Structure formats: C-alpha cells, structure tokens
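Everything below belongs to protein.pdb, which stores PDB, C-alpha atoms and all ligand atoms.
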```
ATOM      1  CA  MET A 232     -86.460 107.502  22.045
ATOM      2  CA  ALA A 233     -86.872 105.455  25.164
ATOM      3  CA  LEU A 234     -88.611 105.751  28.498
ATOM      4  CA  LEU A 235     -86.226 105.811  31.458
ATOM      5  CA  PRO A 236     -87.040 104.588  34.986
ATOM      6  CA  ILE A 237     -87.387 107.472  37.463
ATOM      7  CA  ILE A 238     -85.557 107.105  40.787
ATOM      8  CA  THR A 239     -87.615 107.972  43.870
ATOM      9  CA  ALA A 240     -86.341 109.261  47.217
ATOM     10  CA  PRO A 241     -84.728 108.298  49.468
ATOM     11  CA  ASP A 242     -81.881 107.205  47.181
ATOM     12  CA  PRO A 243     -78.179 108.150  47.254
ATOM     13  CA  ARG A 244     -78.230 108.754  43.475
ATOM     14  CA  LEU A 245     -80.451 111.790  44.127
ATOM     15  CA  LYS A 246     -77.837 113.276  46.488
ATOM     16  CA  ILE A 247     -74.869 113.453  44.110
ATOM     17  CA  LYS A 248     -73.333 116.523  42.504
ATOM     18  CA  ALA A 249     -73.649 115.975  38.742
ATOM     19  CA  ARG A 250     -70.737 116.776  36.425
ATOM     20  CA  SER A 251     -70.750 119.206  33.513
ATOM     21  CA  VAL A 252     -70.958 117.820  29.989
ATOM     22  CA  LEU A 253     -67.961 118.602  27.764
ATOM     23  CA  GLU A 254     -70.245 119.211  24.800
ATOM     24  CA  VAL A 255     -73.766 118.369  23.758
ATOM     25  CA  ASP A 256     -72.973 115.530  21.386
ATOM     26  CA  ALA A 257     -75.197 112.771  19.999
ATOM     27  CA  LYS A 258     -75.061 110.853  23.294
ATOM     28  CA  VAL A 259     -76.186 113.852  25.380
ATOM     29  CA  ARG A 260     -78.874 114.711  22.793
ATOM     30  CA  ARG A 261     -80.171 111.157  23.039
ATOM     31  CA  LEU A 262     -80.343 111.480  26.832
ATOM     32  CA  MET A 263     -82.213 114.810  26.464
ATOM     33  CA  ASP A 264     -84.723 113.249  24.049
ATOM     34  CA  ASP A 265     -85.270 110.245  26.328
ATOM     35  CA  MET A 266     -85.747 112.582  29.294
ATOM     36  CA  VAL A 267     -88.343 114.673  27.424
ATOM     37  CA  GLU A 268     -90.280 111.534  26.535
ATOM     38  CA  THR A 269     -90.017 110.246  30.120
ATOM     39  CA  MET A 270     -91.173 113.615  31.518
ATOM     40  CA  TYR A 271     -94.253 113.665  29.260
ATOM     41  CA  GLN A 272     -95.099 110.064  30.096
ATOM     42  CA  ALA A 273     -94.874 110.847  33.827
ATOM     43  CA  ILE A 274     -96.914 114.039  33.346
ATOM     44  CA  GLY A 275     -94.147 116.188  34.826
ATOM     45  CA  VAL A 276     -93.058 119.720  33.918
ATOM     46  CA  GLY A 277     -89.354 119.053  34.452
ATOM     47  CA  LEU A 278     -86.805 116.290  34.871
ATOM     48  CA  ALA A 279     -83.115 116.275  35.792
ATOM     49  CA  ALA A 280     -80.581 113.649  34.672
ATOM     50  CA  PRO A 281     -79.797 112.355  38.221
ATOM     51  CA  GLN A 282     -83.486 111.373  38.514
ATOM     52  CA  VAL A 283     -82.907 108.843  35.722
ATOM     53  CA  GLY A 284     -79.549 107.693  37.077
ATOM     54  CA  SER A 285     -77.282 109.866  34.939
ATOM     55  CA  ALA A 286     -74.811 112.068  36.827
ATOM     56  CA  MET A 287     -74.667 114.755  34.135
ATOM     57  CA  ARG A 288     -75.708 118.406  34.319
ATOM     58  CA  VAL A 289     -78.669 118.002  32.003
ATOM     59  CA  VAL A 290     -82.294 119.026  32.616
ATOM     60  CA  VAL A 291     -85.448 119.247  30.537
ATOM     61  CA  VAL A 292     -88.528 121.356  31.250
ATOM     62  CA  ASP A 293     -91.831 122.120  29.590
ATOM     63  CA  VAL A 294     -94.205 124.465  31.386
ATOM     64  CA  ALA A 295     -96.676 124.836  28.489
ATOM     65  CA  ARG A 296    -100.237 124.815  29.802
ATOM     66  CA  ASP A 297    -102.878 122.271  28.828
ATOM     67  CA  GLY A 298    -104.085 122.944  25.313
ATOM     68  CA  GLN A 299    -100.902 124.801  24.314
ATOM     69  CA  PRO A 300     -98.394 123.201  21.944
ATOM     70  CA  PRO A 301     -95.475 121.508  23.748
ATOM     71  CA  GLN A 302     -92.486 123.780  24.467
ATOM     72  CA  PRO A 303     -89.730 121.411  25.594
ATOM     73  CA  MET A 304     -86.430 122.991  26.643
ATOM     74  CA  ARG A 305     -83.304 120.816  26.536
ATOM     75  CA  ILE A 306     -80.626 122.253  28.814
ATOM     76  CA  ALA A 307     -77.028 121.290  29.628
ATOM     77  CA  ASN A 308     -74.640 122.937  32.100
ATOM     78  CA  PRO A 309     -77.188 125.482  33.373
ATOM     79  CA  GLU A 310     -75.705 128.427  35.222
ATOM     80  CA  ILE A 311     -77.847 130.932  37.101
ATOM     81  CA  LEU A 312     -76.253 134.314  36.373
ATOM     82  CA  TRP A 313     -78.680 136.444  38.371
ATOM     83  CA  ARG A 314     -81.508 135.951  40.869
ATOM     84  CA  SER A 315     -84.100 138.606  41.710
ATOM     85  CA  GLU A 316     -84.339 139.848  45.273
ATOM     86  CA  ALA A 317     -88.089 139.401  45.010
ATOM     87  CA  MET A 318     -89.132 135.947  46.160
ATOM     88  CA  VAL A 319     -92.188 133.915  45.257
ATOM     89  CA  LEU A 320     -93.912 131.005  46.959
ATOM     90  CA  ALA A 321     -95.000 128.068  44.811
ATOM     91  CA  ASN A 322     -96.474 124.683  45.613
ATOM     92  CA  GLU A 323     -93.902 122.197  44.285
ATOM     93  CA  GLY A 324     -93.983 118.513  43.570
ATOM     94  CA  CYS A 325     -91.316 116.205  42.162
ATOM     95  CA  LEU A 326     -91.374 112.988  40.144
ATOM     96  CA  SER A 327     -88.845 111.614  42.658
ATOM     97  CA  LEU A 328     -91.160 112.424  45.622
ATOM     98  CA  PRO A 329     -94.416 111.037  44.234
ATOM     99  CA  GLU A 330     -97.629 112.413  45.691
ATOM    100  CA  HIS A 331     -95.929 114.892  48.031
ATOM    101  CA  TYR A 332     -96.170 118.664  47.679
ATOM    102  CA  ALA A 333     -94.961 121.637  49.685
ATOM    103  CA  ASP A 334     -94.777 125.420  49.401
ATOM    104  CA  VAL A 335     -91.225 126.481  48.551
ATOM    105  CA  GLU A 336     -89.937 130.054  48.413
ATOM    106  CA  ARG A 337     -87.466 130.920  45.646
ATOM    107  CA  PRO A 338     -86.310 134.004  43.726
ATOM    108  CA  ALA A 339     -89.149 135.105  41.427
ATOM    109  CA  GLU A 340     -86.918 135.752  38.387
ATOM    110  CA  ILE A 341     -83.594 134.441  37.178
ATOM    111  CA  ARG A 342     -81.212 134.899  34.273
ATOM    112  CA  LEU A 343     -79.854 131.603  33.001
ATOM    113  CA  ARG A 344     -77.020 130.600  30.677
ATOM    114  CA  TYR A 345     -76.892 127.067  29.256
ATOM    115  CA  LEU A 346     -76.004 124.891  26.291
ATOM    116  CA  ASP A 347     -78.953 123.882  24.136
ATOM    117  CA  HIS A 348     -79.427 120.599  22.256
ATOM    118  CA  GLU A 349     -77.269 121.926  19.417
ATOM    119  CA  ASN A 350     -74.412 122.810  21.781
ATOM    120  CA  GLU A 351     -75.147 126.527  21.327
ATOM    121  CA  ILE A 352     -74.768 128.875  24.300
ATOM    122  CA  ARG A 353     -78.076 130.501  25.182
ATOM    123  CA  GLU A 354     -79.083 133.088  27.745
ATOM    124  CA  ILE A 355     -82.660 133.584  28.877
ATOM    125  CA  GLU A 356     -84.609 135.412  31.548
ATOM    126  CA  ALA A 357     -87.293 133.414  33.263
ATOM    127  CA  LYS A 358     -90.093 134.275  35.653
ATOM    128  CA  GLY A 359     -93.240 132.639  36.968
ATOM    129  CA  MET A 360     -93.572 128.889  36.722
ATOM    130  CA  LEU A 361     -90.591 128.588  34.359
ATOM    131  CA  ALA A 362     -88.253 130.270  36.873
ATOM    132  CA  THR A 363     -89.508 128.050  39.705
ATOM    133  CA  CYS A 364     -89.228 124.911  37.597
ATOM    134  CA  LEU A 365     -85.717 125.699  36.331
ATOM    135  CA  GLN A 366     -84.444 126.348  39.868
ATOM    136  CA  HIS A 367     -86.036 123.114  41.092
ATOM    137  CA  GLU A 368     -84.383 121.105  38.284
ATOM    138  CA  ILE A 369     -80.986 122.780  38.701
ATOM    139  CA  ASP A 370     -81.125 121.922  42.426
ATOM    140  CA  HIS A 371     -81.290 118.241  41.417
ATOM    141  CA  LEU A 372     -77.865 118.637  39.755
ATOM    142  CA  ASP A 373     -76.434 119.544  43.158
ATOM    143  CA  GLY A 374     -78.188 116.770  45.053
ATOM    144  CA  LEU A 375     -80.970 118.979  46.394
ATOM    145  CA  LEU A 376     -84.679 118.132  46.473
ATOM    146  CA  PHE A 377     -87.519 120.571  47.138
ATOM    147  CA  VAL A 378     -87.856 119.086  50.627
ATOM    148  CA  ASP A 379     -84.380 120.473  51.387
ATOM    149  CA  HIS A 380     -86.003 123.945  51.279
ATOM    150  CA  ILE A 381     -88.717 123.198  53.858
ATOM    151  CA  SER A 382     -88.600 122.554  57.600
ATOM    152  CA  THR A 383     -86.693 119.549  58.939
ATOM    153  CA  LEU A 384     -89.929 118.345  60.501
ATOM    154  CA  LYS A 385     -91.916 118.375  57.238
ATOM    155  CA  ARG A 386     -88.974 116.914  55.289
ATOM    156  CA  GLY A 387     -88.671 114.064  57.804
ATOM    157  CA  ILE A 388     -92.367 113.232  57.523
ATOM    158  CA  ILE A 389     -92.269 113.061  53.713
ATOM    159  CA  LEU A 390     -89.034 111.051  53.493
ATOM    160  CA  ARG A 391     -90.150 108.584  56.151
ATOM    161  CA  LYS A 392     -93.423 107.994  54.288
ATOM    162  CA  LEU A 393     -91.553 107.402  51.021
ATOM    163  CA  ALA A 394     -89.021 105.071  52.685
ATOM    164  CA  LYS A 395     -91.870 103.085  54.212
ATOM    165  CA  LEU A 396     -93.601 102.859  50.835
ATOM    166  CA  LYS A 397     -90.368 101.543  49.279
ATOM    167  CA  ARG A 398     -89.958  98.876  51.972
ATOM    168  CA  SER A 399     -93.532  97.757  51.598
ATOM    169  CA  ARG A 400     -93.086  97.444  47.826
ATOM    170  CA  VAL A 401     -89.959  95.348  48.277
ATOM    171  CA  LEU A 402     -91.584  93.087  50.862
ATOM    172  CA  ALA A 403     -95.012  92.807  49.260
ATOM    173  CA  PRO A 404     -95.851  89.269  48.137
ATOM    174  CA  VAL A 405     -96.280  88.834  44.385
TER     175      VAL A 405
HETATM  176 NI    NI B   1     -87.845 117.222  41.027
END
```
Translate this file's structure into structure tokens.
Amino acid sequence: MALLPIITAPDPRLKIKARSVLEVDAKVRRLMDDMVETMYQAIGVGLAAPQVGSAMRVVVVDVARDGQPPQPMRIANPEILWRSEAMVLANEGCLSLPEHYADVERPAEIRLRYLDHENEIREIEAKGMLATCLQHEIDHLDGLLFVDHISTLKRGIILRKLAKLKRSRVLAPV
C-alpha cells in the first residue's frame, strides 16, 4: 500500500465529473487500499478518488468511533437509490479544505447501491454519520465540495483563505 498526496482546493481536479469503473479489478482494488491508508494517515472518515488525482468513481469511508475496530468500506460506482425527506444538519470538514468546517443540511437517510472491493453488487441503507459521509464523498465524484452547499458568501471566504494559503506556500522562501 502507498500513501497518496491529497489535493486541496481550489484545484480544477476537484471540479471534474469522475467516470465509472468497468469492474473492480486489481488496479481499482490497489487504489482503494491506497486510499484507505491515506485516509487513516490523514485522520479522515472518508476520501474520494478525485482528491488523490484519480478521476474514477471510487470512495472509501470509515466512520468507526475511537476505540472501535476499523470498519473501512471500499466503494465503486456508488448510486443513491433513495433519499429520505427528513433532513439533518451536520458540521462537515474535508481533507481537501483543511481546517475549514461548516454546517451542511442533507437527507438523513439514504439507500445506496455500489460495487465492493470484490466487484460484488451491494445495497445498504445508511443513516447518521455514515449517510452524511457517503453523500459528501459521492459529491466529490461530481465535482462538488461541501462548500457548494453553503452560502456564496461563506464559500467565498473559505476558498479565498485556502487560495491565499496556497500562494504563500508557493512563494515562501526555503
Ligand atoms: Ni471531502
């Protein structure tokens, strides 16, 4: 397994629409494994392939709480089959928007179909943090970040701060 560099916003690679995988073969499994390792290293609960520069519809999540055994999910071609009418507000962060958080409202429960790491079709129902996290990661596959769900004003503030941070890193003397 290998650690992959995580792309931070603003970056055009985070705005693409990722393409479906034909099947979960050894190459896709390798990407999934690398993404799980990268997510743990970054202390995240989810990661989508575009965040590591791969334009494939692949995400990994693990919402196990501290002290619980890891429960990584490796997901390809996720498809939300149903969303509850009930909405829930959660404070979201993103490894591509480091140190920024905002309250985002999303459907509280979803039903999801996807291909697992063995190329088997699976269907699950998710609620709570898992439902929020899955929707956040699936958004990444369509070029959406959590800031696209908040006000233009707040989004502008966060993206300008991140752009400034990037420029200062590039220009900083070594
Ligand atoms: Ni994210």
Output of the PyMOL selection byres (((chain A and resi 273) around 12) and not hetatm), listed as a PDB file with C-alpha atoms, keeping the file's coordinate frame:
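Just written: out.pdb:
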```
ATOM      1  CA  LEU A 234     -88.611 105.751  28.498  1.00  0.00           C
ATOM      2  CA  LEU A 235     -86.226 105.811  31.458  1.00  0.00           C
ATOM      3  CA  PRO A 236     -87.040 104.588  34.986  1.00  0.00           C
ATOM      4  CA  ILE A 237     -87.387 107.472  37.463  1.00  0.00           C
ATOM      5  CA  MET A 266     -85.747 112.582  29.294  1.00  0.00           C
ATOM      6  CA  VAL A 267     -88.343 114.673  27.424  1.00  0.00           C
ATOM      7  CA  GLU A 268     -90.280 111.534  26.535  1.00  0.00           C
ATOM      8  CA  THR A 269     -90.017 110.246  30.120  1.00  0.00           C
ATOM      9  CA  MET A 270     -91.173 113.615  31.518  1.00  0.00           C
ATOM     10  CA  TYR A 271     -94.253 113.665  29.260  1.00  0.00           C
ATOM     11  CA  GLN A 272     -95.099 110.064  30.096  1.00  0.00           C
ATOM     12  CA  ILE A 274     -96.914 114.039  33.346  1.00  0.00           C
ATOM     13  CA  GLY A 275     -94.147 116.188  34.826  1.00  0.00           C
ATOM     14  CA  VAL A 276     -93.058 119.720  33.918  1.00  0.00           C
ATOM     15  CA  GLY A 277     -89.354 119.053  34.452  1.00  0.00           C
ATOM     16  CA  LEU A 278     -86.805 116.290  34.871  1.00  0.00           C
ATOM     17  CA  CYS A 325     -91.316 116.205  42.162  1.00  0.00           C
ATOM     18  CA  LEU A 326     -91.374 112.988  40.144  1.00  0.00           C
ATOM     19  CA  SER A 327     -88.845 111.614  42.658  1.00  0.00           C
ATOM     20  CA  PRO A 329     -94.416 111.037  44.234  1.00  0.00           C
TER      21      PRO A 329
END
```
>> Starting from the PyMOL selection byres (((not hetatm)) within 10 of (chain B and resi 1)), expand the selection into actual residues of this file and give them as a PyMOL selection string.
In response: chain A and resi 239+245+275-279+281-282+323-329+364-371+375-378
Using only C-alpha atoms, I'd like a table of the residues in region 238-351 of chain A that come within 10 Å of region 380-402 of chain A; for each, show the closest atom pair and its distance in Å rounded to one decimal, ordered by chain and ascending number, as JSON lines.
```
{"residue": "A:Thr239", "atom": "CA", "partner": "A:Leu393", "partner_atom": "CA", "distance": 8.2}
{"residue": "A:Ala240", "atom": "CA", "partner": "A:Leu393", "partner_atom": "CA", "distance": 6.7}
{"residue": "A:Pro241", "atom": "CA", "partner": "A:Ala394", "partner_atom": "CA", "distance": 6.3}
{"residue": "A:Asp242", "atom": "CA", "partner": "A:Ala394", "partner_atom": "CA", "distance": 9.3}
{"residue": "A:Ser327", "atom": "CA", "partner": "A:Leu393", "partner_atom": "CA", "distance": 9.7}
{"residue": "A:Leu328", "atom": "CA", "partner": "A:Leu393", "partner_atom": "CA", "distance": 7.4}
{"residue": "A:Pro329", "atom": "CA", "partner": "A:Leu393", "partner_atom": "CA", "distance": 8.2}
{"residue": "A:Glu330", "atom": "CA", "partner": "A:Leu393", "partner_atom": "CA", "distance": 9.5}
{"residue": "A:His331", "atom": "CA", "partner": "A:Ile389", "partner_atom": "CA", "distance": 7.0}
{"residue": "A:Tyr332", "atom": "CA", "partner": "A:Ile389", "partner_atom": "CA", "distance": 9.1}
{"residue": "A:Ala333", "atom": "CA", "partner": "A:Ile381", "partner_atom": "CA", "distance": 7.7}
{"residue": "A:Asp334", "atom": "CA", "partner": "A:Ile381", "partner_atom": "CA", "distance": 7.8}
{"residue": "A:Val335", "atom": "CA", "partner": "A:His380", "partner_atom": "CA", "distance": 6.4}
{"residue": "A:Glu336", "atom": "CA", "partner": "A:His380", "partner_atom": "CA", "distance": 7.8}
{"residue": "A:Arg337", "atom": "CA", "partner": "A:His380", "partner_atom": "CA", "distance": 9.1}
```
> Applied to the shown file, which residues does the PyMOL selection byres (((chain A and resi 256) around 12) and not hetatm) return, written as a PyMOL selection string?
Replying inline: chain A and resi 252-255+257-263+307+346-351
> Pick from A:Arg288, A:Arg305, A:Lys358, A:Arg314: nearest to Ala249 (chain A), with all atoms listed in the file counted?
Replying inline: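 Selected residue with least distance to Ala249 (chain A): A:Arg288.
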>> As an exercise, work out the distance from CA of Ala295 (chain A) to CA of Arg250 (chain A) in Å and give it to one decimal place.
In response: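 Separating CA of Ala295 (chain A) from CA of Arg250 (chain A) is a distance of 28.3 Å.
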> Out of A:Val291, A:Glu310, A:Pro301, A:Asp264, which residue has the shortest atom-to-atom distance to Asp373 (chain A) when counting all atoms listed in the file?
Replying inline: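 Between A:Val291, A:Glu310, A:Pro301, A:Asp264, the residue approaching Asp373 (chain A) most closely is A:Glu310.
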> Quick one: distance from CA of Ile306 (chain A) to CA of Tyr345 (chain A) in Å, one decimal?
Replying inline: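 Calculated distance between CA of Ile306 (chain A) and CA of Tyr345 (chain A) is 6.1 Å.
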Missing atoms in region 357-382 of chain A: can you complete it with N, CA, C and O atoms, as a tab-separated table (two decimals), in the frame of the given file?
```tsv
chain	number	residue	atom	x	y	z
A	357	ALA	N	-86.10	134.21	32.98
A	357	ALA	CA	-87.29	133.41	33.26
A	357	ALA	C	-87.98	133.96	34.50
A	357	ALA	O	-87.34	134.45	35.42
A	358	LYS	N	-89.32	133.91	34.48
A	358	LYS	CA	-90.09	134.28	35.65
A	358	LYS	C	-91.27	133.31	35.75
A	358	LYS	O	-91.45	132.45	34.88
A	359	GLY	N	-92.06	133.48	36.81
A	359	GLY	CA	-93.24	132.64	36.97
A	359	GLY	C	-92.87	131.16	37.12
A	359	GLY	O	-91.82	130.82	37.66
A	360	MET	N	-93.74	130.33	36.56
A	360	MET	CA	-93.57	128.89	36.72
A	360	MET	C	-92.27	128.39	36.10
A	360	MET	O	-91.63	127.47	36.61
A	361	LEU	N	-91.83	129.02	35.00
A	361	LEU	CA	-90.59	128.59	34.36
A	361	LEU	C	-89.39	128.81	35.29
A	361	LEU	O	-88.53	127.95	35.42
A	362	ALA	N	-89.37	129.97	35.96
A	362	ALA	CA	-88.25	130.27	36.87
A	362	ALA	C	-88.24	129.28	38.04
A	362	ALA	O	-87.17	128.77	38.42
A	363	THR	N	-89.41	129.00	38.59
A	363	THR	CA	-89.51	128.05	39.70
A	363	THR	C	-89.03	126.68	39.26
A	363	THR	O	-88.22	126.02	39.92
A	364	CYS	N	-89.53	126.25	38.10
A	364	CYS	CA	-89.23	124.91	37.60
A	364	CYS	C	-87.72	124.77	37.29
A	364	CYS	O	-87.11	123.77	37.66
A	365	LEU	N	-87.15	125.77	36.65
A	365	LEU	CA	-85.72	125.70	36.33
A	365	LEU	C	-84.88	125.59	37.61
A	365	LEU	O	-83.95	124.79	37.69
A	366	GLN	N	-85.22	126.39	38.62
A	366	GLN	CA	-84.44	126.35	39.87
A	366	GLN	C	-84.60	124.99	40.55
A	366	GLN	O	-83.63	124.44	41.09
A	367	HIS	N	-85.80	124.44	40.51
A	367	HIS	CA	-86.04	123.11	41.09
A	367	HIS	C	-85.17	122.06	40.38
A	367	HIS	O	-84.52	121.25	41.03
A	368	GLU	N	-85.15	122.11	39.04
A	368	GLU	CA	-84.38	121.10	38.28
A	368	GLU	C	-82.88	121.28	38.48
A	368	GLU	O	-82.14	120.30	38.60
A	369	ILE	N	-82.42	122.53	38.52
A	369	ILE	CA	-80.99	122.78	38.70
A	369	ILE	C	-80.54	122.31	40.09
A	369	ILE	O	-79.44	121.78	40.26
A	370	ASP	N	-81.41	122.46	41.09
A	370	ASP	CA	-81.12	121.92	42.43
A	370	ASP	C	-80.79	120.44	42.36
A	370	ASP	O	-79.90	119.95	43.05
A	371	HIS	N	-81.54	119.69	41.53
A	371	HIS	CA	-81.29	118.24	41.42
A	371	HIS	C	-79.85	117.95	41.01
A	371	HIS	O	-79.29	116.92	41.37
A	372	LEU	N	-79.24	118.85	40.23
A	372	LEU	CA	-77.86	118.64	39.76
A	372	LEU	C	-76.86	118.79	40.88
A	372	LEU	O	-75.70	118.40	40.75
A	373	ASP	N	-77.30	119.40	41.99
A	373	ASP	CA	-76.43	119.54	43.16
A	373	ASP	C	-76.94	118.70	44.33
A	373	ASP	O	-76.62	118.97	45.49
A	374	GLY	N	-77.74	117.71	44.02
A	374	GLY	CA	-78.19	116.77	45.05
A	374	GLY	C	-79.25	117.32	45.98
A	374	GLY	O	-79.44	116.82	47.09
A	375	LEU	N	-79.94	118.38	45.54
A	375	LEU	CA	-80.97	118.98	46.39
A	375	LEU	C	-82.37	118.68	45.88
A	375	LEU	O	-82.63	118.73	44.67
A	376	LEU	N	-83.27	118.36	46.80
A	376	LEU	CA	-84.68	118.13	46.47
A	376	LEU	C	-85.49	119.28	47.06
A	376	LEU	O	-85.01	119.99	47.94
A	377	PHE	N	-86.75	119.44	46.60
A	377	PHE	CA	-87.52	120.57	47.14
A	377	PHE	C	-87.70	120.46	48.65
A	377	PHE	O	-87.82	121.47	49.33
A	378	VAL	N	-87.70	119.24	49.17
A	378	VAL	CA	-87.86	119.09	50.63
A	378	VAL	C	-86.66	119.64	51.41
A	378	VAL	O	-86.75	119.86	52.61
A	379	ASP	N	-85.53	119.87	50.71
A	379	ASP	CA	-84.38	120.47	51.39
A	379	ASP	C	-84.60	121.97	51.64
A	379	ASP	O	-83.81	122.61	52.31
A	380	HIS	N	-85.68	122.52	51.07
A	380	HIS	CA	-86.00	123.94	51.28
A	380	HIS	C	-87.10	124.13	52.32
A	380	HIS	O	-87.52	125.26	52.56
A	381	ILE	N	-87.63	123.05	52.88
A	381	ILE	CA	-88.72	123.20	53.86
A	381	ILE	C	-88.21	122.76	55.24
A	381	ILE	O	-87.04	122.39	55.38
A	382	SER	N	-89.06	122.81	56.24
A	382	SER	CA	-88.60	122.55	57.60
A	382	SER	C	-88.16	121.09	57.75
A	382	SER	O	-88.63	120.20	57.06
```
